[in-house]
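Enquirer: Just so it is clear, I am handing over work21.txt, which has compact mmCIF, C-alpha atoms.
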# COMPACT_ATOMS: atom_id res chain seq x y z
CA MET A 1 -54.96 64.68 3.09
CA GLU A 2 -55.78 61.84 0.70
CA LYS A 3 -56.77 58.51 2.16
CA HIS A 4 -54.50 56.54 -0.17
CA PRO A 5 -51.08 57.21 -1.70
CA THR A 6 -51.19 59.10 -5.01
CA LYS A 7 -49.41 57.83 -8.13
CA LYS A 8 -46.70 60.42 -7.52
CA MET A 9 -46.18 59.16 -4.00
CA MET A 10 -46.10 55.56 -5.19
CA LYS A 11 -43.48 56.41 -7.80
CA THR A 12 -41.35 58.28 -5.28
CA ARG A 13 -41.69 55.48 -2.77
CA ASN A 14 -40.61 52.84 -5.24
CA LEU A 15 -37.62 54.88 -6.39
CA ILE A 16 -36.13 55.18 -2.93
CA PHE A 17 -37.26 51.82 -1.62
CA CYS A 18 -34.42 49.91 -3.28
CA LEU A 19 -31.82 52.28 -1.91
CA PHE A 20 -33.25 52.17 1.56
CA LEU A 21 -32.98 48.37 1.62
CA ALA A 22 -29.23 48.74 2.05
CA ALA A 23 -29.71 50.77 5.20
CA MET A 24 -32.21 48.22 6.51
CA VAL A 25 -29.79 45.37 5.90
CA SER A 26 -27.04 47.30 7.65
CA GLN A 27 -29.26 47.95 10.65
CA ALA A 28 -30.37 44.32 10.79
CA ALA A 29 -26.77 43.16 10.73
CA ALA A 30 -26.09 45.41 13.69
CA GLY A 31 -28.90 43.75 15.62
CA ASN A 32 -31.40 46.60 15.33
CA SER A 33 -34.94 45.46 14.51
CA LEU A 34 -36.78 48.06 12.45
CA PRO A 35 -40.15 47.94 10.68
CA LYS A 36 -40.38 47.70 6.91
CA PHE A 37 -39.81 50.95 5.07
CA ASP A 38 -42.79 50.42 2.75
CA GLU A 39 -45.11 50.04 5.73
CA VAL A 40 -43.81 53.12 7.55
CA TYR A 41 -43.94 55.23 4.40
CA GLN A 42 -47.58 54.28 3.73
CA VAL A 43 -48.69 55.03 7.28
CA LEU A 44 -47.00 58.41 7.22
CA GLY A 45 -48.27 59.22 3.73
CA THR A 46 -51.90 58.58 4.63
CA ASN A 47 -52.04 59.80 8.22
CA LEU A 48 -49.35 62.36 9.09
CA THR A 49 -51.03 65.75 9.15
CA GLY A 50 -49.46 68.85 7.63
CA VAL A 51 -46.97 66.96 5.46
CA THR A 52 -47.04 67.01 1.68
CA PRO A 53 -45.72 64.22 -0.54
CA GLU A 54 -42.77 66.51 -1.34
CA ASP A 55 -42.02 66.91 2.37
CA LEU A 56 -42.14 63.17 2.91
CA ASN A 57 -39.95 62.53 -0.11
CA ARG A 58 -37.39 65.08 1.05
CA ALA A 59 -37.23 63.56 4.53
CA ALA A 60 -36.86 60.04 3.14
CA VAL A 61 -34.08 61.00 0.73
CA GLN A 62 -32.22 62.99 3.38
CA GLY A 63 -32.49 60.05 5.76
CA LEU A 64 -31.01 57.75 3.14
CA LEU A 65 -28.12 60.11 2.49
CA ASP A 66 -27.42 60.51 6.20
CA GLN A 67 -27.56 56.78 6.91
CA LEU A 68 -25.46 55.71 3.95
CA ALA A 69 -22.85 58.50 3.96
CA PRO A 70 -20.06 58.55 2.93
CA ARG A 71 -20.81 55.65 0.57
CA VAL A 72 -23.69 57.63 -0.96
CA THR A 73 -23.62 61.38 -1.60
CA LEU A 74 -25.82 63.76 -3.56
CA VAL A 75 -24.12 66.15 -5.98
CA SER A 76 -26.41 69.12 -6.56
CA ALA A 77 -26.87 70.39 -10.10
CA ALA A 78 -27.33 73.88 -8.62
CA ALA A 79 -23.80 73.68 -7.25
CA GLY A 80 -22.39 73.09 -10.69
CA GLY A 81 -22.25 69.31 -10.40
CA GLN A 82 -18.61 69.34 -9.34
CA SER A 83 -18.17 66.43 -6.98
CA ILE A 84 -14.43 65.97 -7.48
CA ALA A 85 -11.81 68.60 -8.21
CA SER A 86 -10.27 68.20 -11.67
CA ASN A 87 -6.75 66.95 -11.01
CA PRO A 88 -5.48 69.56 -8.52
CA ALA A 89 -1.81 69.87 -7.58
CA PRO A 90 -0.85 66.59 -5.87
CA MET A 91 1.92 67.87 -3.59
CA ALA A 92 1.30 70.52 -0.95
CA GLN A 93 4.73 70.79 0.65
CA THR A 94 8.23 69.30 0.75
CA ARG A 95 10.97 70.02 3.26
CA VAL A 96 13.80 68.41 5.22
CA PHE A 97 13.95 68.03 9.00
CA ASP A 98 17.24 67.71 10.86
CA GLN A 99 19.12 67.64 7.55
CA SER A 100 18.32 63.94 7.11
CA PHE A 101 14.57 63.33 7.04
CA ALA A 102 12.55 64.21 3.97
CA TYR A 103 8.96 65.37 4.46
CA PHE A 104 6.32 65.18 1.73
CA ARG A 105 2.77 66.41 2.28
CA VAL A 106 0.31 65.05 -0.25
CA ALA A 107 -2.77 67.09 -1.14
CA SER A 108 -4.46 64.80 -3.65
CA VAL A 109 -3.77 61.31 -4.94
CA ASN A 110 -4.34 61.85 -8.66
CA SER A 111 -2.60 61.00 -11.92
CA LYS A 112 0.05 63.67 -11.34
CA LEU A 113 1.21 62.33 -7.96
CA PRO A 114 3.61 59.48 -8.91
CA ALA A 115 5.78 61.69 -11.13
CA ALA A 116 5.52 64.67 -8.78
CA PHE A 117 6.62 62.57 -5.81
CA ARG A 118 9.52 61.02 -7.71
CA ASP A 119 10.73 64.46 -8.83
CA ALA A 120 10.39 65.91 -5.32
CA TYR A 121 12.28 63.01 -3.75
CA ARG A 122 15.05 63.17 -6.34
CA ALA A 123 15.51 66.90 -5.79
CA ILE A 124 15.68 66.59 -2.01
CA ASN A 125 17.98 63.58 -2.13
CA GLU A 126 20.41 65.29 -4.51
CA THR A 127 20.39 68.50 -2.48
CA ASN A 128 21.28 66.53 0.64
CA GLY A 129 24.02 64.51 -1.03
CA GLY A 130 22.05 61.26 -1.01
CA LYS A 131 21.99 61.22 2.79
CA ILE A 132 18.23 60.96 3.37
CA LYS A 133 17.78 58.57 6.32
CA GLY A 134 14.01 58.47 6.43
CA ILE A 135 10.81 59.78 4.86
CA VAL A 136 7.64 61.25 6.33
CA LEU A 137 4.68 60.89 3.97
CA ASP A 138 1.97 63.17 5.33
CA LEU A 139 -1.48 62.11 4.09
CA ARG A 140 -3.47 64.10 6.62
CA PHE A 141 -6.32 65.91 4.82
CA ALA A 142 -5.28 64.22 1.55
CA ASP A 143 -8.00 62.98 -0.82
CA GLY A 144 -8.26 61.59 -4.33
CA ALA A 145 -10.01 58.89 -6.32
CA ASP A 146 -7.20 57.63 -8.58
CA TYR A 147 -6.31 54.18 -7.26
CA GLU A 148 -3.88 53.55 -10.09
CA ALA A 149 -1.95 56.64 -8.96
CA ALA A 150 -1.98 55.35 -5.38
CA ALA A 151 -0.49 52.05 -6.54
CA LYS A 152 2.16 53.76 -8.70
CA THR A 153 3.19 56.00 -5.81
CA ALA A 154 3.47 53.04 -3.46
CA ASP A 155 5.48 51.17 -6.08
CA CYS A 156 8.23 53.79 -5.73
CA PHE A 157 9.11 52.17 -2.38
CA ILE A 158 8.82 48.46 -3.27
CA ASN A 159 11.48 46.30 -4.89
CA ALA A 160 9.53 43.05 -5.23
CA ASP A 161 6.91 41.40 -7.40
CA GLN A 162 3.70 41.49 -5.36
CA PRO A 163 0.07 42.62 -5.64
CA LEU A 164 -0.65 46.16 -4.51
CA LEU A 165 -4.25 47.14 -5.25
CA ASP A 166 -7.33 45.73 -6.93
CA TRP A 167 -10.27 47.95 -7.76
CA LEU A 168 -13.24 47.79 -10.13
CA GLN A 169 -11.47 49.27 -13.15
CA GLY A 170 -8.20 47.41 -12.76
CA SER A 171 -5.41 46.13 -10.55
CA ALA A 172 -1.73 46.88 -9.97
CA ARG A 173 1.40 45.00 -8.92
CA SER A 174 4.86 46.14 -7.98
CA GLY A 175 7.97 44.76 -9.63
CA LYS A 176 11.71 44.46 -9.21
CA LYS A 177 13.55 47.70 -9.91
CA THR A 178 16.93 49.31 -9.41
CA ASP A 179 15.70 52.69 -8.19
CA ALA A 180 13.32 51.73 -5.38
CA ILE A 181 13.36 54.15 -2.44
CA LEU A 182 14.50 52.00 0.47
CA ALA A 183 14.60 54.55 3.28
CA PRO A 184 12.19 53.78 6.15
CA VAL A 185 8.87 55.58 5.92
CA ALA A 186 6.45 57.01 8.47
CA ILE A 187 2.93 57.63 7.11
CA LEU A 188 0.70 60.26 8.76
CA ILE A 189 -3.11 59.99 8.55
CA ASN A 190 -6.21 61.44 10.17
CA SER A 191 -10.00 61.31 9.89
CA GLN A 192 -9.84 63.58 6.84
CA THR A 193 -7.61 61.21 4.88
CA THR A 194 -10.00 59.95 2.23
CA GLY A 195 -10.33 57.76 -0.85
CA ALA A 196 -7.17 56.89 -2.73
CA ALA A 197 -5.06 58.49 0.01
CA GLU A 198 -6.39 55.82 2.38
CA ALA A 199 -5.48 53.13 -0.13
CA LEU A 200 -1.94 54.52 -0.47
CA ALA A 201 -1.42 54.35 3.30
CA ALA A 202 -2.82 50.82 3.47
CA VAL A 203 -0.66 49.54 0.59
CA LEU A 204 2.54 50.95 2.10
CA ARG A 205 1.84 49.24 5.42
CA GLU A 206 0.77 45.97 3.78
CA ALA A 207 4.00 45.90 1.79
CA GLY A 208 6.07 46.47 4.94
CA VAL A 209 7.36 49.84 3.75
CA GLY A 210 6.50 51.81 6.86
CA LEU A 211 4.34 52.39 9.91
CA ILE A 212 1.26 54.58 10.19
CA LEU A 213 0.74 57.27 12.83
CA GLY A 214 -2.28 59.44 13.60
CA SER A 215 -5.98 58.61 13.71
CA THR A 216 -8.28 56.32 11.72
CA THR A 217 -9.07 57.51 8.19
CA ALA A 218 -12.49 58.43 6.78
CA GLY A 219 -13.39 55.01 5.38
CA GLN A 220 -14.12 56.25 1.84
CA ALA A 221 -11.75 54.00 -0.08
CA SER A 222 -14.28 52.77 -2.63
CA VAL A 223 -14.86 53.00 -6.34
CA PHE A 224 -17.68 55.49 -6.99
CA LYS A 225 -20.06 55.89 -9.88
CA GLU A 226 -22.35 58.85 -10.51
CA PHE A 227 -25.97 58.38 -11.58
CA THR A 228 -27.78 61.37 -13.08
CA LEU A 229 -31.25 61.89 -11.59
CA SER A 230 -34.32 63.35 -13.27
CA ASN A 231 -33.82 66.79 -11.67
CA GLY A 232 -30.21 67.06 -12.86
CA ASP A 233 -28.64 66.12 -9.53
CA LYS A 234 -26.20 63.23 -9.43
CA LEU A 235 -26.17 60.38 -6.95
CA ARG A 236 -22.59 59.31 -6.22
CA VAL A 237 -22.65 55.68 -5.10
CA ALA A 238 -19.86 53.37 -3.91
CA VAL A 239 -20.26 50.51 -6.37
CA ALA A 240 -17.17 48.49 -5.46
CA GLY A 241 -14.61 48.13 -2.71
CA VAL A 242 -10.84 48.23 -2.86
CA ILE A 243 -8.62 45.21 -2.20
CA VAL A 244 -5.13 45.64 -0.76
CA GLY A 245 -2.31 43.14 -1.23
CA GLU A 246 -3.32 39.48 -1.12
CA GLY A 247 -7.09 39.96 -0.92
CA LYS A 248 -7.48 42.23 2.11
CA ALA A 249 -10.64 44.34 1.76
CA LEU A 250 -10.16 47.97 2.71
CA THR A 251 -13.23 48.76 4.79
CA ASN A 252 -14.05 51.05 7.72
CA GLY A 253 -10.96 53.17 7.20
CA VAL A 254 -7.28 52.60 7.93
CA ALA A 255 -6.34 52.37 11.60
CA PRO A 256 -2.91 53.69 12.65
CA ASP A 257 -0.14 51.56 14.12
CA PHE A 258 0.43 54.36 16.63
CA ALA A 259 -2.69 56.30 17.58
CA ILE A 260 -2.10 59.97 18.35
CA ASP A 261 -5.04 62.08 19.51
CA THR A 262 -4.87 65.57 18.01
CA SER A 263 -7.78 67.80 17.07
CA LEU A 264 -8.33 68.61 13.40
CA GLN A 265 -8.07 72.30 14.21
CA ASP A 266 -4.64 71.79 15.75
CA GLU A 267 -3.49 69.61 12.88
CA ARG A 268 -4.43 72.27 10.35
CA ALA A 269 -2.45 74.83 12.35
CA TYR A 270 0.57 72.52 12.57
CA LEU A 271 0.56 72.09 8.80
CA GLN A 272 1.17 75.82 8.57
CA ASP A 273 3.86 75.82 11.26
CA PRO A 274 4.96 72.49 12.80
CA TYR A 275 7.11 74.32 15.40
CA LYS A 276 4.35 76.50 16.82
CA ASP A 277 3.40 75.60 20.39
CA LEU A 278 -0.38 75.80 20.34
CA HIS A 279 -0.78 74.85 24.01
CA PRO A 280 2.19 76.29 25.91
CA ALA A 281 0.52 75.88 29.30
CA GLU A 282 0.14 72.12 28.86
CA LEU A 283 2.71 69.35 29.17
CA ALA A 284 2.44 67.59 25.83
CA GLN A 285 4.19 64.47 27.11
CA THR A 286 4.20 63.49 30.78
CA ASP A 287 5.07 60.55 32.99
CA THR A 288 3.93 60.02 36.56
CA GLY A 289 6.64 60.61 39.12
CA THR A 290 7.20 58.83 42.42
CA ASN A 291 4.88 61.23 44.20
CA GLY A 292 2.10 60.73 41.65
CA SER A 293 2.57 64.11 39.97
CA PRO A 294 3.24 64.44 36.25
CA GLU A 295 6.84 64.86 35.19
CA PRO A 296 8.04 65.99 31.78
CA ARG A 297 9.17 63.18 29.49
CA PRO A 298 11.64 64.47 26.88
CA ARG A 299 11.64 62.96 23.41
CA PHE A 300 14.84 61.40 22.16
CA ASN A 301 16.72 63.41 19.60
CA GLU A 302 19.20 61.88 17.19
CA ALA A 303 22.25 62.76 19.25
CA GLU A 304 20.79 61.08 22.34
CA LEU A 305 19.94 57.95 20.39
CA VAL A 306 23.46 57.71 18.98
CA ARG A 307 24.90 58.29 22.44
CA GLU A 308 22.77 55.50 23.92
CA HIS A 309 23.66 53.18 21.05
CA SER A 310 27.39 53.66 21.59
CA ALA A 311 27.24 53.88 25.40
CA GLY A 312 29.13 50.61 25.80
CA GLU A 313 32.05 51.87 23.73
CA ASP A 314 32.18 55.24 25.44
CA ALA A 315 31.95 53.95 29.02
CA ASP A 316 35.69 53.27 29.25
CA ASN A 317 36.64 56.58 27.69
CA GLU A 318 34.78 58.96 29.98
CA SER A 319 36.70 62.07 30.87
CA ASP A 320 37.79 62.69 34.46
CA ASP A 321 37.35 66.42 33.93
CA PRO A 322 34.86 67.49 36.66
CA ARG A 323 33.91 70.68 34.88
CA PRO A 324 30.31 70.69 33.61
CA VAL A 325 29.80 70.49 29.89
CA LEU A 326 27.43 73.11 28.54
CA ALA A 327 24.98 71.76 26.00
CA GLU A 328 24.91 73.54 22.69
CA PRO A 329 21.54 74.97 21.71
CA GLY A 330 19.81 72.63 19.30
CA PRO A 331 17.26 73.23 16.57
CA PRO A 332 13.71 74.18 17.60
CA ALA A 333 11.54 71.26 18.66
CA VAL A 334 8.70 70.13 16.42
CA ALA A 335 5.44 70.82 18.26
CA ASP A 336 3.16 68.84 15.94
CA PRO A 337 2.77 65.64 18.02
CA THR A 338 2.11 63.30 15.09
CA LEU A 339 5.03 64.61 13.08
CA ALA A 340 7.27 64.67 16.16
CA HIS A 341 6.56 61.01 16.90
CA ALA A 342 7.19 60.14 13.26
CA LEU A 343 10.58 61.86 13.31
CA ASP A 344 11.49 60.13 16.58
CA LEU A 345 10.63 56.79 15.01
CA LEU A 346 12.76 57.48 11.95
CA LYS A 347 15.68 58.69 14.06
CA SER A 348 15.54 55.48 16.08
CA LEU A 349 15.55 53.40 12.91
CA ALA A 350 18.43 55.43 11.52
CA VAL A 351 20.51 54.40 14.53
CA VAL A 352 19.63 50.71 14.93
CA GLU A 353 18.76 49.90 11.30
CA PRO A 354 20.40 52.36 8.89
CA ASN A 355 19.40 50.46 5.77
CA ARG A 356 16.21 48.56 5.07
CA PRO A 357 16.96 45.31 3.15
CA ASP A 358 15.62 44.88 -0.36
Would it be possible to restate this file's structure as C-alpha cells?

Expert:
Amino acid sequence: MEKHPTKKMMKTRNLIFCLFLAAMVSQAAAGNSLPKFDEVYQVLGTNLTGVTPEDLNRAAVQGLLDQLAPRVTLVSAAAGGQSIASNPAPMAQTRVFDQSFAYFRVASVNSKLPAAFRDAYRAINETNGGKIKGIVLDLRFADGADYEAAAKTADCFINADQPLLDWLQGSARSGKKTDAILAPVAILINSQTTGAAEALAAVLREAGVGLILGSTTAGQASVFKEFTLSNGDKLRVAVAGVIVGEGKALTNGVAPDFAIDTSLQDERAYLQDPYKDLHPAELAQTDTGTNGSPEPRPRFNEAELVREHSAGEDADNESDDPRPVLAEPGPPAVADPTLAHALDLLKSLAVVEPNRPD
C-alpha cells in the first residue's frame, strides 16, 4: 500500500467530495457530529490494508447513493440507461362502486393523463346518467415526473383562479370553467406513490377538492436532472423542489388526512380484487366492549346513513307490525381497508352534503 494518495485517488476523492458535502450538511442539521470526509478518506486510503483505490471509491459512491436516496440515484449504462419509462399508459383501472361512486386508478402521471382521465370520467358519468356522487382517485403505486400533467389533472376539479404548482421548468394555475368536476373526491396514497403523483395528491388537498387516505408517500416530488458520467452511467439528481399552492414546499412526502396501516403486499392484492378477504380470521374493525373484549364495528353503508339522516322524519311513522323485517342481501363488502374507508367517507358526504359549492 502506498504511503500517500495517488493522483487517481486524489481525482476520485475530489469528484465525490462535493456530493458528499450535502450528506454532511444533512447530518449536521440533524445534530450528528461527524468528521470531515476528506480526512477520513485520506486515513483509509493510506492505512486500510487489503483495500484498493477502486474498492474505496466504490464504497464511497455507494455510501453517497444510500445516504442521499431517493434524491440521488445512479442509472447504470449496462442496464440500458432507462431511468424513466417512456410515457406508459396513465390509467390502470376504472370502475363504479355502489352504482354511484366512480373509481379511477392512476398508473403514471404523464402527458397522457389529463385527457385520459377526462375521457374516463365522461364515459362513466354518461353511463350512470350523470348520477356520480363521489370519486375515488387511487394513486397508490402511481409514479411519474410530469408536473404539468399533475397540474392539468388537478385543474379538472377546480373552478377558481388560483396557483396549483410551481416547478423548475414552469408553473400552473387553475381557472374558472363551466365543466369542472365538483363531486367530492377521496385520494388514496401509499409509500409507493412517487414524484408527480405525490404532487397531484398535494394539489388536490391544498385546493380543498378532497381528503387523502392511506400512508405517507415516498417523498420524491422533485425536479430531476441526469448527468452523464465518464463511464456512461448517469447520475440522476434532484435539482429543484416543487411548490404547491401559495408557496408551500412539497418535502418529505405527503401525509394522509386519515392514516390507514396496510402492508404493501396486501394493497397489491386488493388492487387485483378489492372484495377478497385476505385475513378472514381477523376482525378488521373492532371496538372494545363493556367486558374489555373486542366487538365487531360495522361500517355504515349508504342505506344506513340515509336512514340515520331521516330518522327524525321516520320516527312518527314507525309501523306497529311486530313481525320481524328480513334484511335483503346487499352487495359484497369491499375488503380493501383504504378503499372501504374512502367509500364510507364519500357516502357520508353524499347524504349530508350532496353538492360541493363552486

Enquirer: With only C-alpha atoms as the basis for distance, which of A:Leu74, A:Phe224, A:Gly208, A:Phe97 is at the shortest distance from Pro331 of chain A?

Expert: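 Of the candidates, the smallest distance to Pro331 of chain A is held by A:Phe97.
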
Enquirer: Quick one: of A:Val72, A:Leu44, A:Ala89, A:Ile158, who's nearest to Ala59 of chain A, counting only C-alpha atoms?

Expert: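 Using only C-alpha atoms, Ala59 of chain A sits closest to A:Leu44.
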
Enquirer: For atom CA of Lys347 of chain A and atom CA of Ala196 of chain A, quote the distance in Å rounded to one decimal.

Expert: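 Atom CA of Ala196 of chain A lies at a distance of 28.4 Å from atom CA of Lys347 of chain A.
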
Enquirer: So the first atom is atom CA of Gly170 of chain A and the second is atom CA of Ala150 of chain A; what is the distance between them in Å, to one decimal place?

Expert: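 Computed distance, atom CA of Gly170 of chain A to atom CA of Ala150 of chain A, equals 12.5 Å.
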
Enquirer: Measuring atom to atom with all atoms listed in the file, identify which of A:Leu349, A:Ala238, A:Ala207, A:Leu34 is nearest to Ala69 of chain A.

Expert: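 Closest candidate: A:Ala238.
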
Enquirer: Rounded to one decimal in Å, what is the spacing between atom CA of Val185 of chain A and atom CA of Thr127 of chain A?

Expert: 19.2 Å

Enquirer: From the list A:Ser230, A:Ser100, A:Asn47, A:Gln192, which residue is nearest Gly130 of chain A when using all atoms listed in the file?

Expert: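 Of A:Ser230, A:Ser100, A:Asn47, A:Gln192, the one nearest Gly130 of chain A, counting all atoms listed in the file, is A:Ser100.
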
Enquirer: For Pro332 of chain A, which residue out of A:Lys234, A:Ala149, A:Val106, A:Asp98 is the nearest one, using only C-alpha atoms?

Expert: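 Selected residue with least distance to Pro332 of chain A: A:Asp98.
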
Enquirer: Write out as a PyMOL selection string the residues lying within 10 Å of Thr193 of chain A, counting all atoms listed in the file and excluding same-chain residues fewer than 4 positions away.

Expert: chain A and resi 107-108+138-144+188-189+197-199+201+215-221+253-254

Enquirer: For Asp155 of chain A, list every protein, DNA or RNA residue within 10 Å, evaluated using only C-alpha atoms, and leave out those in the same chain fewer than 4 positions away; present the list as a CSV table (one decimal) with C-alpha atoms, in the frame of the given file.

Expert:
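File selection-v8.csv, as written:
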chain,number,residue,atom,x,y,z
A,114,PRO,CA,3.6,59.5,-8.9
A,149,ALA,CA,-2.0,56.6,-9.0
A,150,ALA,CA,-2.0,55.4,-5.4
A,151,ALA,CA,-0.5,52.0,-6.5
A,159,ASN,CA,11.5,46.3,-4.9
A,160,ALA,CA,9.5,43.0,-5.2
A,161,ASP,CA,6.9,41.4,-7.4
A,162,GLN,CA,3.7,41.5,-5.4
A,164,LEU,CA,-0.6,46.2,-4.5
A,172,ALA,CA,-1.7,46.9,-10.0
A,173,ARG,CA,1.4,45.0,-8.9
A,174,SER,CA,4.9,46.1,-8.0
A,175,GLY,CA,8.0,44.8,-9.6
A,176,LYS,CA,11.7,44.5,-9.2
A,177,LYS,CA,13.6,47.7,-9.9
A,180,ALA,CA,13.3,51.7,-5.4
A,181,ILE,CA,13.4,54.2,-2.4
A,200,LEU,CA,-1.9,54.5,-0.5
A,203,VAL,CA,-0.7,49.5,0.6
A,204,LEU,CA,2.5,51.0,2.1
A,207,ALA,CA,4.0,45.9,1.8

Enquirer: So, counting all atoms listed in the file, which residue among A:Leu345, A:Val239, A:Cys156, A:Leu229 is closest to Ile212 of chain A?

Expert: A:Leu345

Enquirer: If we count only C-alpha atoms, what is near Tyr270 of chain A at a cut-off of 8 Å, once residues fewer than 6 positions away on the same chain are taken out, given as a PDB file with C-alpha atoms, in the frame of the given file?

Expert:
ATOM      1  CA  LYS A 276       4.350  76.500  16.820  1.00  0.00           C
ATOM      2  CA  ALA A 335       5.440  70.820  18.260  1.00  0.00           C
ATOM      3  CA  ASP A 336       3.160  68.840  15.940  1.00  0.00           C
TER       4      ASP A 336
END
